[in-house]
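K.L.:
So here's query.cif, just mmCIF, C-alpha atoms:
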```
data_run
loop_
_atom_site.group_PDB
_atom_site.id
_atom_site.type_symbol
_atom_site.label_atom_id
_atom_site.label_comp_id
_atom_site.auth_asym_id
_atom_site.auth_seq_id
_atom_site.Cartn_x
_atom_site.Cartn_y
_atom_site.Cartn_z
ATOM 1 C CA MET A 1 20.690 -24.308 15.299
ATOM 2 C CA SER A 2 18.970 -23.355 12.070
ATOM 3 C CA GLN A 3 15.623 -23.400 13.844
ATOM 4 C CA LEU A 4 17.078 -21.002 16.393
ATOM 5 C CA PHE A 5 18.215 -18.567 13.702
ATOM 6 C CA PHE A 6 14.949 -18.845 11.821
ATOM 7 C CA GLY A 7 12.964 -18.338 14.996
ATOM 8 C CA TYR A 8 14.930 -15.246 15.957
ATOM 9 C CA PHE A 9 14.786 -13.656 12.500
ATOM 10 C CA ALA A 10 11.131 -14.532 11.937
ATOM 11 C CA GLY A 11 10.082 -13.296 15.347
ATOM 12 C CA MET A 12 11.928 -10.027 14.952
ATOM 13 C CA ILE A 13 10.554 -9.558 11.424
ATOM 14 C CA VAL A 14 6.998 -10.050 12.649
ATOM 15 C CA ILE A 15 7.450 -7.790 15.682
ATOM 16 C CA THR A 16 9.102 -4.966 13.764
ATOM 17 C CA SER A 17 6.628 -5.161 10.891
ATOM 18 C CA ILE A 18 3.793 -4.821 13.370
ATOM 19 C CA LEU A 19 5.633 -1.904 14.949
ATOM 20 C CA VAL A 20 5.898 -0.213 11.534
ATOM 21 C CA VAL A 21 2.125 -0.163 11.364
ATOM 22 C CA ALA A 22 1.470 0.476 15.050
ATOM 23 C CA LEU A 23 3.829 3.340 15.865
ATOM 24 C CA LYS A 24 2.417 6.822 15.484
ATOM 25 C CA ASN A 25 5.598 8.708 14.697
ATOM 26 C CA PRO A 26 6.719 8.135 11.069
ATOM 27 C CA VAL A 27 10.368 8.348 12.121
ATOM 28 C CA TYR A 28 9.884 5.439 14.517
ATOM 29 C CA SER A 29 8.015 3.517 11.825
ATOM 30 C CA ALA A 30 10.898 4.022 9.407
ATOM 31 C CA LEU A 31 13.456 2.972 12.023
ATOM 32 C CA SER A 32 11.592 -0.215 12.865
ATOM 33 C CA LEU A 33 11.380 -0.876 9.133
ATOM 34 C CA LEU A 34 15.171 -0.498 9.100
ATOM 35 C CA VAL A 35 15.477 -3.163 11.797
ATOM 36 C CA MET A 36 13.148 -5.364 9.781
ATOM 37 C CA PHE A 37 15.325 -4.963 6.665
ATOM 38 C CA PHE A 38 18.380 -6.120 8.598
ATOM 39 C CA HIS A 39 16.555 -9.192 9.841
ATOM 40 C CA VAL A 40 15.270 -9.997 6.363
ATOM 41 C CA ALA A 41 18.888 -9.803 5.222
ATOM 42 C CA GLY A 42 19.802 -12.288 7.937
ATOM 43 C CA LEU A 43 17.026 -14.567 6.752
ATOM 44 C CA PHE A 44 18.474 -14.329 3.234
ATOM 45 C CA ILE A 45 21.854 -15.446 4.564
ATOM 46 C CA THR A 46 20.319 -18.560 6.081
ATOM 47 C CA LEU A 47 18.666 -19.212 2.692
ATOM 48 C CA HIS A 48 22.038 -19.218 0.836
ATOM 49 C CA ALA A 49 21.436 -15.822 -0.762
ATOM 50 C CA GLU A 50 24.419 -13.921 0.598
ATOM 51 C CA PHE A 51 24.619 -11.444 -2.255
ATOM 52 C CA LEU A 52 20.960 -10.555 -1.918
ATOM 53 C CA ALA A 53 21.483 -9.996 1.789
ATOM 54 C CA ALA A 54 24.202 -7.454 0.997
ATOM 55 C CA VAL A 55 22.029 -5.816 -1.652
ATOM 56 C CA GLN A 56 19.120 -5.729 0.779
ATOM 57 C CA ILE A 57 21.177 -3.820 3.318
ATOM 58 C CA ILE A 58 22.814 -1.485 0.789
ATOM 59 C CA VAL A 59 19.776 -0.631 -1.323
ATOM 60 C CA TYR A 60 16.902 -0.898 1.130
ATOM 61 C CA ALA A 61 18.507 0.212 4.369
ATOM 62 C CA GLY A 62 21.089 2.465 2.774
ATOM 63 C CA ALA A 63 19.171 4.185 -0.001
ATOM 64 C CA ILE A 64 15.422 3.749 0.243
ATOM 65 C CA LEU A 65 15.052 4.220 3.969
ATOM 66 C CA VAL A 66 17.375 7.223 3.991
ATOM 67 C CA LEU A 67 15.137 8.739 1.319
ATOM 68 C CA TYR A 68 12.136 8.128 3.563
ATOM 69 C CA LEU A 69 13.847 9.725 6.528
ATOM 70 C CA PHE A 70 14.879 12.719 4.417
ATOM 71 C CA VAL A 71 11.285 13.306 3.358
ATOM 72 C CA VAL A 72 10.009 12.879 6.915
ATOM 73 C CA MET A 73 12.530 15.433 8.144
ATOM 74 C CA ILE A 74 11.825 17.850 5.266
ATOM 75 C CA LEU A 75 8.068 17.732 5.789
ATOM 76 C CA ASN A 76 8.535 18.181 9.553
ATOM 77 C CA VAL A 77 5.679 15.943 10.653
ATOM 78 C CA THR A 78 7.403 14.533 13.702
ATOM 79 C CA GLN A 79 6.947 15.306 17.346
ATOM 80 C CA ASP A 80 9.519 17.120 19.399
ATOM 81 C CA ASP A 81 10.918 14.098 21.193
ATOM 82 C CA ARG A 82 12.533 12.558 18.144
ATOM 83 C CA TYR A 83 16.105 13.118 19.213
ATOM 84 C CA HIS A 84 15.809 11.321 22.526
ATOM 85 C CA SER A 85 17.257 7.929 23.375
ATOM 86 C CA GLN A 86 19.180 7.357 20.178
ATOM 87 C CA TRP A 87 21.422 4.821 21.855
ATOM 88 C CA ARG A 88 18.570 2.336 22.106
ATOM 89 C CA ILE A 89 17.889 2.559 18.378
ATOM 90 C CA ALA A 90 21.577 2.147 17.641
ATOM 91 C CA GLY A 91 21.679 -0.950 19.826
ATOM 92 C CA VAL A 92 18.666 -2.476 18.134
ATOM 93 C CA VAL A 93 20.302 -1.887 14.748
ATOM 94 C CA CYS A 94 23.629 -3.305 15.855
ATOM 95 C CA ILE A 95 22.329 -6.594 17.272
ATOM 96 C CA PRO A 96 21.204 -8.117 13.927
ATOM 97 C CA LEU A 97 24.366 -6.814 12.243
ATOM 98 C CA PHE A 98 26.434 -8.580 14.886
ATOM 99 C CA ILE A 99 24.521 -11.825 14.444
ATOM 100 C CA GLU A 100 24.825 -11.626 10.675
ATOM 101 C CA SER A 101 28.569 -11.107 10.857
ATOM 102 C CA LEU A 102 28.784 -14.095 13.192
ATOM 103 C CA LEU A 103 26.809 -16.124 10.649
ATOM 104 C CA LEU A 104 29.113 -15.066 7.831
ATOM 105 C CA LEU A 105 32.268 -15.700 9.851
ATOM 106 C CA SER A 106 31.139 -19.187 10.786
ATOM 107 C CA GLY A 107 30.570 -19.999 7.128
ATOM 108 C CA GLY A 108 26.805 -19.773 7.342
ATOM 109 C CA ALA A 109 26.500 -22.190 10.239
ATOM 110 C CA GLY A 110 22.756 -21.815 10.444
ATOM 111 C CA ALA A 111 22.499 -22.674 6.772
ATOM 112 C CA VAL A 112 25.008 -25.504 6.584
ATOM 113 C CA ASN A 113 23.235 -27.473 9.267
ATOM 114 C CA THR A 114 20.018 -27.547 7.296
ATOM 115 C CA GLY A 115 21.412 -30.233 5.037
ATOM 116 C CA SER A 116 20.234 -28.581 1.822
ATOM 117 C CA ARG A 117 22.556 -28.092 -1.071
ATOM 118 C CA SER A 118 24.196 -24.744 -1.461
ATOM 119 C CA LEU A 119 22.704 -22.780 -4.322
ATOM 120 C CA GLN A 120 25.821 -22.043 -6.277
ATOM 121 C CA SER A 121 25.364 -23.446 -9.763
ATOM 122 C CA GLY A 122 24.128 -21.455 -12.699
ATOM 123 C CA PRO A 123 21.313 -22.406 -15.044
ATOM 124 C CA ASP A 124 23.731 -24.089 -17.454
ATOM 125 C CA GLY A 125 25.060 -26.339 -14.751
ATOM 126 C CA ALA A 126 28.331 -24.456 -14.484
ATOM 127 C CA ILE A 127 29.679 -24.684 -10.978
ATOM 128 C CA ALA A 128 30.331 -21.211 -9.658
ATOM 129 C CA THR A 129 32.544 -20.527 -6.713
ATOM 130 C CA ASP A 130 30.063 -18.346 -4.880
ATOM 131 C CA ASN A 131 26.550 -17.040 -4.859
ATOM 132 C CA THR A 132 27.486 -13.653 -6.342
ATOM 133 C CA LEU A 133 29.112 -15.232 -9.386
ATOM 134 C CA ALA A 134 26.137 -17.527 -9.960
ATOM 135 C CA ILE A 135 23.673 -14.639 -9.752
ATOM 136 C CA GLY A 136 25.797 -12.542 -12.098
ATOM 137 C CA LYS A 137 25.937 -15.313 -14.678
ATOM 138 C CA THR A 138 22.194 -15.866 -14.479
ATOM 139 C CA LEU A 139 21.399 -12.162 -14.588
ATOM 140 C CA TYR A 140 23.536 -11.450 -17.626
ATOM 141 C CA SER A 141 22.580 -14.509 -19.644
ATOM 142 C CA THR A 142 19.040 -15.685 -19.000
ATOM 143 C CA TYR A 143 17.598 -12.450 -17.668
ATOM 144 C CA LEU A 144 19.479 -9.970 -19.843
ATOM 145 C CA PHE A 145 16.426 -8.385 -21.435
ATOM 146 C CA PRO A 146 14.521 -7.864 -18.134
ATOM 147 C CA PHE A 147 17.736 -6.372 -16.780
ATOM 148 C CA GLU A 148 17.746 -3.755 -19.543
ATOM 149 C CA VAL A 149 14.039 -3.083 -18.980
ATOM 150 C CA ALA A 150 14.791 -2.529 -15.293
ATOM 151 C CA SER A 151 17.270 0.196 -16.262
ATOM 152 C CA LEU A 152 14.490 1.840 -18.283
ATOM 153 C CA VAL A 153 12.193 1.682 -15.246
ATOM 154 C CA LEU A 154 14.844 3.423 -13.169
ATOM 155 C CA LEU A 155 15.326 6.115 -15.821
ATOM 156 C CA VAL A 156 11.591 6.817 -15.994
ATOM 157 C CA ALA A 157 11.399 6.961 -12.193
ATOM 158 C CA MET A 158 14.322 9.381 -12.041
ATOM 159 C CA ILE A 159 12.841 11.756 -14.612
ATOM 160 C CA GLY A 160 9.398 11.471 -13.038
ATOM 161 C CA ALA A 161 10.695 12.227 -9.550
ATOM 162 C CA ILE A 162 12.553 15.315 -10.783
ATOM 163 C CA VAL A 163 9.558 16.593 -12.706
ATOM 164 C CA LEU A 164 7.168 15.983 -9.802
ATOM 165 C CA ALA A 165 9.298 17.440 -7.048
ATOM 166 C CA LYS A 166 10.648 20.478 -8.888
ATOM 167 C CA LYS A 167 8.845 23.569 -7.773
ATOM 168 C CA ASP A 168 8.534 25.966 -10.693
ATOM 169 C CA ILE A 169 8.926 23.812 -13.742
ATOM 170 C CA GLY A 170 5.853 25.267 -15.381
ATOM 171 C CA GLN A 171 6.253 28.881 -14.443
ATOM 172 C CA ARG A 172 9.678 29.211 -15.916
ATOM 173 C CA GLU A 173 8.421 28.488 -19.403
ATOM 174 C CA THR A 174 5.634 31.052 -19.303
ATOM 175 C CA MET B 175 15.862 -28.221 7.728
ATOM 176 C CA ILE B 176 13.128 -25.669 8.037
ATOM 177 C CA PRO B 177 10.065 -26.523 5.941
ATOM 178 C CA ILE B 178 9.123 -23.986 3.341
ATOM 179 C CA SER B 179 5.669 -23.594 4.843
ATOM 180 C CA TYR B 180 7.252 -21.682 7.730
ATOM 181 C CA TYR B 181 8.664 -19.142 5.304
ATOM 182 C CA LEU B 182 5.311 -18.885 3.570
ATOM 183 C CA ILE B 183 3.546 -18.296 6.868
ATOM 184 C CA LEU B 184 6.073 -15.620 7.822
ATOM 185 C CA SER B 185 5.690 -13.981 4.439
ATOM 186 C CA ALA B 186 1.907 -14.065 4.724
ATOM 187 C CA ILE B 187 2.021 -12.471 8.173
ATOM 188 C CA VAL B 188 4.277 -9.664 6.977
ATOM 189 C CA PHE B 189 2.184 -9.148 3.848
ATOM 190 C CA PHE B 190 -1.052 -8.888 5.794
ATOM 191 C CA THR B 191 0.579 -6.526 8.243
ATOM 192 C CA GLY B 192 1.416 -4.331 5.259
ATOM 193 C CA VAL B 193 -2.138 -4.594 3.945
ATOM 194 C CA VAL B 194 -3.542 -3.601 7.323
ATOM 195 C CA GLY B 195 -1.092 -0.703 7.468
ATOM 196 C CA VAL B 196 -2.205 0.561 4.064
ATOM 197 C CA LEU B 197 -5.814 0.302 5.150
ATOM 198 C CA ILE B 198 -5.727 1.829 8.619
ATOM 199 C CA ARG B 199 -2.956 4.423 8.547
ATOM 200 C CA ARG B 200 -3.775 8.014 7.634
ATOM 201 C CA ASN B 201 -0.225 9.281 7.328
ATOM 202 C CA ILE B 202 0.760 8.892 3.688
ATOM 203 C CA ILE B 203 4.407 8.172 4.545
ATOM 204 C CA ALA B 204 3.291 5.312 6.802
ATOM 205 C CA ILE B 205 1.216 3.985 3.898
ATOM 206 C CA LEU B 206 4.296 3.916 1.664
ATOM 207 C CA LEU B 207 6.238 2.166 4.442
ATOM 208 C CA SER B 208 3.502 -0.477 4.556
ATOM 209 C CA VAL B 209 3.890 -0.968 0.816
ATOM 210 C CA GLU B 210 7.564 -1.621 1.494
ATOM 211 C CA LEU B 211 6.502 -4.267 4.000
ATOM 212 C CA MET B 212 4.460 -6.028 1.328
ATOM 213 C CA LEU B 213 7.338 -5.918 -1.151
ATOM 214 C CA ASN B 214 9.636 -7.454 1.440
ATOM 215 C CA ALA B 215 7.126 -10.223 2.088
ATOM 216 C CA THR B 216 7.234 -11.147 -1.597
ATOM 217 C CA ASN B 217 11.030 -11.026 -1.490
ATOM 218 C CA ILE B 218 11.072 -13.518 1.382
ATOM 219 C CA ASN B 219 8.785 -15.757 -0.674
ATOM 220 C CA PHE B 220 11.016 -15.515 -3.731
ATOM 221 C CA VAL B 221 14.200 -16.341 -1.866
ATOM 222 C CA ALA B 222 12.589 -19.191 0.082
ATOM 223 C CA PHE B 223 11.337 -20.811 -3.106
ATOM 224 C CA SER B 224 14.681 -20.174 -4.795
ATOM 225 C CA ASP B 225 16.392 -22.161 -2.061
ATOM 226 C CA TYR B 226 13.689 -24.814 -2.036
ATOM 227 C CA LEU B 227 13.611 -25.404 -5.792
ATOM 228 C CA GLN B 228 17.359 -24.818 -6.299
ATOM 229 C CA ASP B 229 16.645 -22.232 -8.988
ATOM 230 C CA LEU B 230 18.400 -18.895 -9.145
ATOM 231 C CA GLY B 231 15.518 -17.243 -10.981
ATOM 232 C CA GLY B 232 13.857 -16.404 -7.684
ATOM 233 C CA GLN B 233 16.871 -14.448 -6.503
ATOM 234 C CA VAL B 234 17.072 -12.608 -9.809
ATOM 235 C CA PHE B 235 13.429 -11.653 -9.479
ATOM 236 C CA VAL B 236 14.186 -10.159 -6.073
ATOM 237 C CA PHE B 237 16.543 -7.824 -7.951
ATOM 238 C CA PHE B 238 13.733 -6.679 -10.182
ATOM 239 C CA ALA B 239 11.462 -6.254 -7.189
ATOM 240 C CA LEU B 240 14.199 -4.099 -5.640
ATOM 241 C CA THR B 241 14.383 -2.006 -8.797
ATOM 242 C CA VAL B 242 10.655 -1.471 -8.868
ATOM 243 C CA ALA B 243 10.672 -0.667 -5.137
ATOM 244 C CA ALA B 244 13.344 1.982 -5.647
ATOM 245 C CA ALA B 245 11.393 3.521 -8.527
ATOM 246 C CA GLU B 246 8.186 3.421 -6.501
ATOM 247 C CA VAL B 247 9.823 5.131 -3.554
ATOM 248 C CA ALA B 248 11.340 7.874 -5.692
ATOM 249 C CA VAL B 249 8.105 8.665 -7.516
ATOM 250 C CA GLY B 250 5.941 8.230 -4.420
ATOM 251 C CA LEU B 251 8.032 10.555 -2.298
ATOM 252 C CA ALA B 252 8.094 13.123 -5.105
ATOM 253 C CA ILE B 253 4.292 12.942 -5.191
ATOM 254 C CA ILE B 254 4.196 13.378 -1.401
ATOM 255 C CA ILE B 255 6.425 16.458 -1.615
ATOM 256 C CA ALA B 256 4.271 17.939 -4.375
ATOM 257 C CA LEU B 257 1.118 17.211 -2.332
ATOM 258 C CA HIS B 258 2.613 18.732 0.781
ATOM 259 C CA ARG B 259 3.574 21.818 -1.198
ATOM 260 C CA SER B 260 0.088 22.342 -2.580
ATOM 261 C CA ARG B 261 -2.062 21.266 0.407
ATOM 262 C CA SER B 262 0.463 21.544 3.296
ATOM 263 C CA THR B 263 -0.703 18.296 4.855
ATOM 264 C CA ILE B 264 0.100 14.619 4.395
ATOM 265 C CA ASN B 265 -3.093 13.256 5.900
ATOM 266 C CA VAL B 266 -4.892 11.219 3.265
ATOM 267 C CA GLU B 267 -8.259 12.272 4.669
ATOM 268 C CA GLU B 268 -7.589 15.770 3.348
ATOM 269 C CA PHE B 269 -7.038 14.647 -0.227
ATOM 270 C CA ASN B 270 -10.523 14.440 -1.694
ATOM 271 C CA LEU B 271 -10.043 16.049 -5.090
ATOM 272 C CA LEU B 272 -10.692 12.787 -6.919
ATOM 273 C CA LYS B 273 -13.494 11.666 -4.612
ATOM 274 C CA TRP B 274 -16.880 11.429 -6.252
#
```
Would you give me this structure, written as structure tokens?

P.N.:
Amino acid sequence: MSQLFFGYFAGMIVITSILVVALKNPVYSALSLLVMFFHVAGLFITLHAEFLAAVQIIVYAGAILVLYLFVVMILNVTQDDRYHSQWRIAGVVCIPLFIESLLLLSGGAGAVNTGSRSLQSGPDGAIATDNTLAIGKTLYSTYLFPFEVASLVLLVAMIGAIVLAKKDIGQRET
Amino acid sequence: MIPISYYLILSAIVFFTGVVGVLIRRNIIAILLSVELMLNATNINFVAFSDYLQDLGGQVFVFFALTVAAAEVAVGLAIIIALHRSRSTINVEEFNLLKW
């Protein structure tokens, strides 16, 4: 069972990552990258990283890829046939979501059958009730300083993006 | 139980796909998408080793990789918009200001 899940997710990840490089239209590349993100999230579920799977979908598929699509649409580098056959894309997106929800509803069946221990204890040996709690305890105790540095990275990126993308930031001062 | 070498092979395939994409694509947005592919390959590696070694540090590092990916995307897309505004193209062949 776990081999089946791994085979499906790995095969789809490889196929969609090749499609990202092979497709000419950037919109299609971004959409196949979206499919790949969902399958990577499914792979994370089979590896006992449920919280990271949720973060992968929310941050990567929800924020980063939408940013990509916004820029592609703003720059208008696509062909004219980009609005055709949206139902196929929606179906391709929905299939991994359906499989992931089945995995979650069955208590991670593909993961339980592997026989490995569930990764739910923190670094101090404290038994946490779920993966999210264990990650939170680790993140806010052992990795507290890198966490703060990450916030600084995000602040610098935010200011840099505003400064770079603003049109007349120099002319207004003169 | 799936051996960890399978995850490493998958990660290597995805990473090299990203490398090839960076090398052969001429659309700068496709190049950034290929960089995302490489970051995801490292994330798969991190999570696979985190499960294999029973250490949560790998999953925490995926968070930091996510943070850096978000920052990279924001700055990279801002650079693309600025480039498109000044040169009105996103083909990397056209950008030769720094070429010697």

K.L.:
With a distance cut-off of 9 Å and only C-alpha atoms, select the neighbouring residues of B:Ser185, excluding the residue or stretch itself and same-chain residues fewer than 4 positions from it, and output the selection as a PyMOL selection string.

P.N.:
chain B and resi 180-181+189-190+212+214-219

K.L.:
Kindly compute an axis-aligned box around the listed atoms of stretch 192-202 of chain B, allowing 8 Å on each side, and express its centre and edge lengths in Å to one decimal as AutoDock Vina command-line options.

P.N.:
```
--center_x -2.2 --center_y 2.3 --center_z 6.2 --size_x 23.2 --size_y 29.9 --size_z 20.9
```

K.L.:
What residues come out when you apply the PyMOL selection byres ((chain B) within 6 of (chain A)) to this file, written as a VMD selection string?

P.N.:
chain B and resid 175 195 245 248 to 249 252 256

K.L.:
Using only C-alpha atoms, which of the listed residues (A:Ile89, A:Leu105, A:Leu31, A:Leu133) sits closest to A:Val66?

P.N.:
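Ranked by minimum distance to A:Val66, first place goes to A:Leu31.
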
K.L.:
Kindly give the distance, in Å, that separates atom CA of B:Ile187 and atom CA of B:Asp229, rounded to a single decimal.

P.N.:
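About the pair atom CA of B:Ile187 and atom CA of B:Asp229: they are 24.6 Å apart.
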
K.L.:
Report, in Å with one decimal, the straight-line distance from atom CA of B:Ala239 to atom CA of A:Val92.

P.N.:
26.6 Å

K.L.:
Report, in Å with one decimal, the straight-line distance from atom CA of B:Asn201 to atom CA of B:Glu267.

P.N.:
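It comes out at 9.0 Å.
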
K.L.:
Name all residues at most 9 Å from B:Ile264 (count only C-alpha atoms; drop same-chain ones fewer than 6 positions away) and give them as a ChimeraX atom specification.

P.N.:
/A:75,77 /B:200-203,254-255,257-258

K.L.:
Mind dumping the selected residues with C-alpha atoms as a compact mmCIF listing (two decimals), in the frame of the given file?

P.N.:
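Final output, saved to again.txt:
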```txt
# COMPACT_ATOMS: atom_id res chain seq x y z
CA LEU A 75 8.07 17.73 5.79
CA VAL A 77 5.68 15.94 10.65
CA ARG B 200 -3.78 8.01 7.63
CA ASN B 201 -0.22 9.28 7.33
CA ILE B 202 0.76 8.89 3.69
CA ILE B 203 4.41 8.17 4.54
CA ILE B 254 4.20 13.38 -1.40
CA ILE B 255 6.42 16.46 -1.62
CA LEU B 257 1.12 17.21 -2.33
CA HIS B 258 2.61 18.73 0.78
```

K.L.:
Considering all atoms listed in the file, can you say which of A:Leu34, A:Phe145, A:Glu50, A:Met73 comes closest to B:Gln233?

P.N.:
A:Glu50

K.L.:
Please check which residues have atoms at most 8 Å from (10.2, -25.5, 1.9) in the file's coordinates, counting all atoms listed in the file, and write them as a PyMOL selection string.

P.N.:
chain B and resi 176-181+222-223+226

K.L.:
Give the answer as one residue: which of A:Asp130, A:Asn76, A:Ala54, A:Ile45 has the shortest atom-to-atom distance to B:Phe237, using only C-alpha atoms?

P.N.:
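Nearest candidate to B:Phe237 out of A:Asp130, A:Asn76, A:Ala54, A:Ile45: A:Ala54.
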
K.L.:
Between B:Leu272, B:Phe220, B:Val247, B:Leu240, single out the one closest to A:Ile58, counting all atoms listed in the file.

P.N.:
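Nearest to A:Ile58: B:Leu240.
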